[in-house]
Amino acid sequence: MLTIKTFTFNPYQENTYLLYNESGNAIIIDPGMYGEQDQQELLAFIANNNLKPTLLLNTHCHIDHVLGNSFVHEKFGLLPQFHEGEVPILVAVQNYAPQMGIRYDISPIGETFLNEDDTIYLDKDELKVILAPGHSPAHTCFYSANQKFLIGGDVLFRNSIGRTDLPGGNHQQLLDSIKTKLYTLPDDTIVYPGHGPSTTIGFEKNSNPFIRG
């Protein structure tokens with residue numbers, strides 16, 4: 001059984017997720033730590049709960065979701081895993097971060113990449129990789145069928161959807177991803193998005209003004 005801890009980091013108010021089990025093994029998803037205060041908040045929680053991070057995952061590689069990749073690699077020796085189609089997005093961050101006045105420690109690139117329908121294991125717990133492009137070229141979500149939750153990144157928000165005016169964005173592709181990849185999940189699936197509060201698939205199908213089920 002996975003426990004989900006949410007942190008909200010950096011000027012973009014990005015949600016960083018820490019998933020951990022009874023053995024204390026943990027997955028860090030979309031580390032957005034920016035500056036020492038964010039970094040210490042994450043480290044303190046890990047230390048206080050005797051956790052051992054064993055995986056680092058990125059739903060996608062926009063700046064707000066990868067600001068902490070280098071720090072996690074430095075502290076825990078973990079290389080980020082994401083879809084190979086996100087590599088150009090990650091590489092671009094080091095070019096535009098200075099223009100935005102953001103200090104960015106360059107993220108390493110992992111030795112293995114995630115693919116659609118891959119299964120990620122944390123001991124006995126499983127997460128399925130769902131490819132849901134549109135907000136970015138190869139955005140992935142992580143779905144637990146057993147616990148009925150989705151780490152959704154910037155695809156679907158409470159009463160909103162991910163923006164598509166960033167490099168690699170495609171509005172119609174995003175709508176298609178939501179309709180064919182996310183809205184086919186059970187209605188009681190809890191969605192933990194990259195920004196803002198959690199929601200459920202059923203709630204969004206009935207009330208999201210951008211796309212209805």
# chains A, B, ... in the order shown; residues from 1 in each chain; ligands from 1
call {"tool": "closest_atom_pairs", "arguments": {"of": "range 46-104 of chain A", "to": "range 14-36 of chain A", "cutoff": "7 Å", "atoms": "only C-alpha atoms", "output": "CSV"}}
result
residue,atom,partner,partner_atom,distance
A:Asn50,CA,A:Gly24,CA,6.3
A:Leu51,CA,A:Gly24,CA,4.5
A:Lys52,CA,A:Asn25,CA,4.8
A:Pro53,CA,A:Ala26,CA,4.4
A:Thr54,CA,A:Ala26,CA,5.8
A:Leu55,CA,A:Ile27,CA,4.8
A:Leu56,CA,A:Ile28,CA,4.9
A:Leu57,CA,A:Ile29,CA,4.7
A:Asn58,CA,A:Asp30,CA,4.8
A:Thr59,CA,A:Asp30,CA,6.6
A:Asp64,CA,A:Gly32,CA,5.6
A:His65,CA,A:Asp30,CA,4.8
A:Val66,CA,A:Gly32,CA,5.8
A:Leu67,CA,A:Gly32,CA,4.9
A:Gly68,CA,A:Pro31,CA,4.7
A:Asn69,CA,A:Pro31,CA,6.1
call {"tool": "write_last_selection", "arguments": {"atoms": "N, CA, C and O atoms", "output": "PDB file, in the first residue's frame"}}
result
ATOM      1  N   ASN A  50      12.081   7.896   8.062  1.00  0.00           N
ATOM      2  CA  ASN A  50      13.018   6.794   7.769  1.00  0.00           C
ATOM      3  C   ASN A  50      12.790   6.194   6.393  1.00  0.00           C
ATOM      4  O   ASN A  50      12.708   4.970   6.221  1.00  0.00           O
ATOM      5  N   LEU A  51      12.686   7.073   5.407  1.00  0.00           N
ATOM      6  CA  LEU A  51      12.413   6.625   4.047  1.00  0.00           C
ATOM      7  C   LEU A  51      13.701   6.485   3.235  1.00  0.00           C
ATOM      8  O   LEU A  51      14.695   7.158   3.505  1.00  0.00           O
ATOM      9  N   LYS A  52      13.633   5.620   2.241  1.00  0.00           N
ATOM     10  CA  LYS A  52      14.754   5.415   1.326  1.00  0.00           C
ATOM     11  C   LYS A  52      14.263   5.593  -0.106  1.00  0.00           C
ATOM     12  O   LYS A  52      13.626   4.698  -0.666  1.00  0.00           O
ATOM     13  N   PRO A  53      14.499   6.753  -0.719  1.00  0.00           N
ATOM     14  CA  PRO A  53      14.109   6.936  -2.125  1.00  0.00           C
ATOM     15  C   PRO A  53      14.876   5.978  -3.030  1.00  0.00           C
ATOM     16  O   PRO A  53      16.111   5.893  -2.955  1.00  0.00           O
ATOM     17  N   THR A  54      14.147   5.245  -3.858  1.00  0.00           N
ATOM     18  CA  THR A  54      14.776   4.279  -4.761  1.00  0.00           C
ATOM     19  C   THR A  54      14.501   4.579  -6.232  1.00  0.00           C
ATOM     20  O   THR A  54      15.127   3.987  -7.104  1.00  0.00           O
ATOM     21  N   LEU A  55      13.549   5.488  -6.519  1.00  0.00           N
ATOM     22  CA  LEU A  55      13.221   5.839  -7.900  1.00  0.00           C
ATOM     23  C   LEU A  55      12.942   7.335  -8.000  1.00  0.00           C
ATOM     24  O   LEU A  55      12.362   7.931  -7.084  1.00  0.00           O
ATOM     25  N   LEU A  56      13.349   7.925  -9.117  1.00  0.00           N
ATOM     26  CA  LEU A  56      13.054   9.312  -9.441  1.00  0.00           C
ATOM     27  C   LEU A  56      12.349   9.332 -10.787  1.00  0.00           C
ATOM     28  O   LEU A  56      12.903   8.881 -11.793  1.00  0.00           O
ATOM     29  N   LEU A  57      11.113   9.832 -10.809  1.00  0.00           N
ATOM     30  CA  LEU A  57      10.307   9.851 -12.029  1.00  0.00           C
ATOM     31  C   LEU A  57       9.909  11.282 -12.369  1.00  0.00           C
ATOM     32  O   LEU A  57       9.655  12.094 -11.483  1.00  0.00           O
ATOM     33  N   ASN A  58       9.851  11.568 -13.666  1.00  0.00           N
ATOM     34  CA  ASN A  58       9.295  12.832 -14.157  1.00  0.00           C
ATOM     35  C   ASN A  58       8.118  12.529 -15.070  1.00  0.00           C
ATOM     36  O   ASN A  58       8.241  11.728 -16.000  1.00  0.00           O
ATOM     37  N   THR A  59       6.975  13.175 -14.809  1.00  0.00           N
ATOM     38  CA  THR A  59       5.860  13.051 -15.750  1.00  0.00           C
ATOM     39  C   THR A  59       6.224  13.703 -17.074  1.00  0.00           C
ATOM     40  O   THR A  59       5.859  13.215 -18.146  1.00  0.00           O
ATOM     41  N   ASP A  64       9.523  23.615 -14.144  1.00  0.00           N
ATOM     42  CA  ASP A  64       8.995  23.543 -12.778  1.00  0.00           C
ATOM     43  C   ASP A  64       8.946  22.125 -12.228  1.00  0.00           C
ATOM     44  O   ASP A  64       8.836  21.933 -11.014  1.00  0.00           O
ATOM     45  N   HIS A  65       9.046  21.141 -13.104  1.00  0.00           N
ATOM     46  CA  HIS A  65       8.970  19.741 -12.675  1.00  0.00           C
ATOM     47  C   HIS A  65      10.336  19.067 -12.568  1.00  0.00           C
ATOM     48  O   HIS A  65      10.411  17.920 -12.127  1.00  0.00           O
ATOM     49  N   VAL A  66      11.390  19.767 -12.987  1.00  0.00           N
ATOM     50  CA  VAL A  66      12.727  19.158 -12.975  1.00  0.00           C
ATOM     51  C   VAL A  66      13.745  19.969 -12.176  1.00  0.00           C
ATOM     52  O   VAL A  66      14.927  19.609 -12.138  1.00  0.00           O
ATOM     53  N   LEU A  67      13.302  21.047 -11.536  1.00  0.00           N
ATOM     54  CA  LEU A  67      14.241  21.897 -10.800  1.00  0.00           C
ATOM     55  C   LEU A  67      15.017  21.118  -9.737  1.00  0.00           C
ATOM     56  O   LEU A  67      16.156  21.461  -9.424  1.00  0.00           O
ATOM     57  N   GLY A  68      14.419  20.077  -9.184  1.00  0.00           N
ATOM     58  CA  GLY A  68      15.072  19.311  -8.131  1.00  0.00           C
ATOM     59  C   GLY A  68      15.747  18.032  -8.593  1.00  0.00           C
ATOM     60  O   GLY A  68      16.285  17.286  -7.760  1.00  0.00           O
ATOM     61  N   ASN A  69      15.738  17.755  -9.895  1.00  0.00           N
ATOM     62  CA  ASN A  69      16.347  16.508 -10.382  1.00  0.00           C
ATOM     63  C   ASN A  69      17.813  16.382  -9.974  1.00  0.00           C
ATOM     64  O   ASN A  69      18.270  15.338  -9.506  1.00  0.00           O
TER      65      ASN A  69
END
call {"tool": "select_by_dssp", "arguments": {"residues": "range 33-197 of chain A", "states": "strand (DSSP E)", "output": "ChimeraX atom specification"}}
result
/A:52-57,80-81,119-122,125-131,140-144,149-153,156-157,160-161,190-193
call {"tool": "residues_around", "arguments": {"residues": "Asp125 in chain A", "least_positions_apart": "3", "cutoff": "7 Å", "atoms": "only C-alpha atoms", "output": "list in words"}}
result
Met1, Tyr121 and Leu122 of chain A
call {"tool": "select_by_dssp", "arguments": {"residues": "range 19-164 of chain A", "states": "helix (DSSP H, G or I)", "output": "PyMOL selection string"}}
result
chain A and resi 36-48+63-66+69-76+84-96+98-100
call {"tool": "write_last_selection", "arguments": {"atoms": "C-alpha atoms", "output": "PDB file, in the first residue's frame"}}
result
ATOM      1  CA  GLU A  36      17.430  25.469   0.301  1.00  0.00           C
ATOM      2  CA  GLN A  37      14.086  25.806   2.083  1.00  0.00           C
ATOM      3  CA  ASP A  38      12.345  23.512  -0.400  1.00  0.00           C
ATOM      4  CA  GLN A  39      15.252  21.080  -0.340  1.00  0.00           C
ATOM      5  CA  GLN A  40      15.326  20.886   3.447  1.00  0.00           C
ATOM      6  CA  GLU A  41      11.571  20.368   3.644  1.00  0.00           C
ATOM      7  CA  LEU A  42      11.850  17.287   1.450  1.00  0.00           C
ATOM      8  CA  LEU A  43      14.928  15.954   3.240  1.00  0.00           C
ATOM      9  CA  ALA A  44      13.388  16.458   6.673  1.00  0.00           C
ATOM     10  CA  PHE A  45      10.272  14.493   5.761  1.00  0.00           C
ATOM     11  CA  ILE A  46      12.368  11.668   4.325  1.00  0.00           C
ATOM     12  CA  ALA A  47      14.593  11.550   7.400  1.00  0.00           C
ATOM     13  CA  ASN A  48      11.760  11.850   9.935  1.00  0.00           C
ATOM     14  CA  ILE A  63      11.330  23.564 -15.785  1.00  0.00           C
ATOM     15  CA  ASP A  64       8.995  23.543 -12.778  1.00  0.00           C
ATOM     16  CA  HIS A  65       8.970  19.741 -12.675  1.00  0.00           C
ATOM     17  CA  VAL A  66      12.727  19.158 -12.975  1.00  0.00           C
ATOM     18  CA  ASN A  69      16.347  16.508 -10.382  1.00  0.00           C
ATOM     19  CA  SER A  70      19.996  17.425  -9.859  1.00  0.00           C
ATOM     20  CA  PHE A  71      19.537  17.707  -6.088  1.00  0.00           C
ATOM     21  CA  VAL A  72      17.854  14.291  -5.840  1.00  0.00           C
ATOM     22  CA  HIS A  73      20.629  12.773  -7.938  1.00  0.00           C
ATOM     23  CA  GLU A  74      23.257  14.356  -5.712  1.00  0.00           C
ATOM     24  CA  LYS A  75      21.624  13.249  -2.452  1.00  0.00           C
ATOM     25  CA  PHE A  76      20.320   9.799  -3.360  1.00  0.00           C
ATOM     26  CA  GLU A  84      12.604   9.621 -24.336  1.00  0.00           C
ATOM     27  CA  GLY A  85      10.435  12.101 -26.203  1.00  0.00           C
ATOM     28  CA  GLU A  86      10.950  14.551 -23.334  1.00  0.00           C
ATOM     29  CA  VAL A  87      14.734  14.773 -23.781  1.00  0.00           C
ATOM     30  CA  PRO A  88      14.595  17.882 -26.027  1.00  0.00           C
ATOM     31  CA  ILE A  89      12.284  19.547 -23.498  1.00  0.00           C
ATOM     32  CA  LEU A  90      14.723  18.834 -20.682  1.00  0.00           C
ATOM     33  CA  VAL A  91      17.757  20.025 -22.651  1.00  0.00           C
ATOM     34  CA  ALA A  92      15.961  23.272 -23.502  1.00  0.00           C
ATOM     35  CA  VAL A  93      15.524  24.128 -19.811  1.00  0.00           C
ATOM     36  CA  GLN A  94      19.193  24.995 -19.356  1.00  0.00           C
ATOM     37  CA  ASN A  95      18.897  27.519 -22.187  1.00  0.00           C
ATOM     38  CA  TYR A  96      15.771  29.375 -21.115  1.00  0.00           C
ATOM     39  CA  PRO A  98      18.704  32.070 -17.207  1.00  0.00           C
ATOM     40  CA  GLN A  99      16.456  34.194 -19.420  1.00  0.00           C
ATOM     41  CA  MET A 100      13.701  33.750 -16.837  1.00  0.00           C
TER      42      MET A 100
END
call {"tool": "residues_around", "arguments": {"residues": "Gln147 in chain A", "least_positions_apart": "2", "cutoff": "10 Å", "atoms": "only C-alpha atoms", "output": "PyMOL selection string"}}
result
chain A and resi 1-2+125-127+143-145+149-150+189-190
call {"tool": "atom_distance", "arguments": {"atom1": "CA of Pro137 in chain A", "atom2": "CA of Gly168 in chain A"}}
result
5.2 Å
call {"tool": "residues_around", "arguments": {"residues": "range 113-117 of chain A", "least_positions_apart": "5", "cutoff": "9 Å", "atoms": "only C-alpha atoms", "output": "ChimeraX atom specification"}}
result
/A:80-84,128-132,140
call {"tool": "atom_distance", "arguments": {"atom1": "CA of Gly194 in chain A", "atom2": "CA of Lys5 in chain A"}}
result
13.1 Å
call {"tool": "closest_residue", "arguments": {"among": "A:Leu174, A:Ile201, A:Ile161, A:Ile151", "to": "Thr6 in chain A", "atoms": "only C-alpha atoms"}}
result
A:Ile151
call {"tool": "atom_distance", "arguments": {"atom1": "CA of Phe157 in chain A", "atom2": "CA of Thr119 in chain A"}}
result
23.9 Å
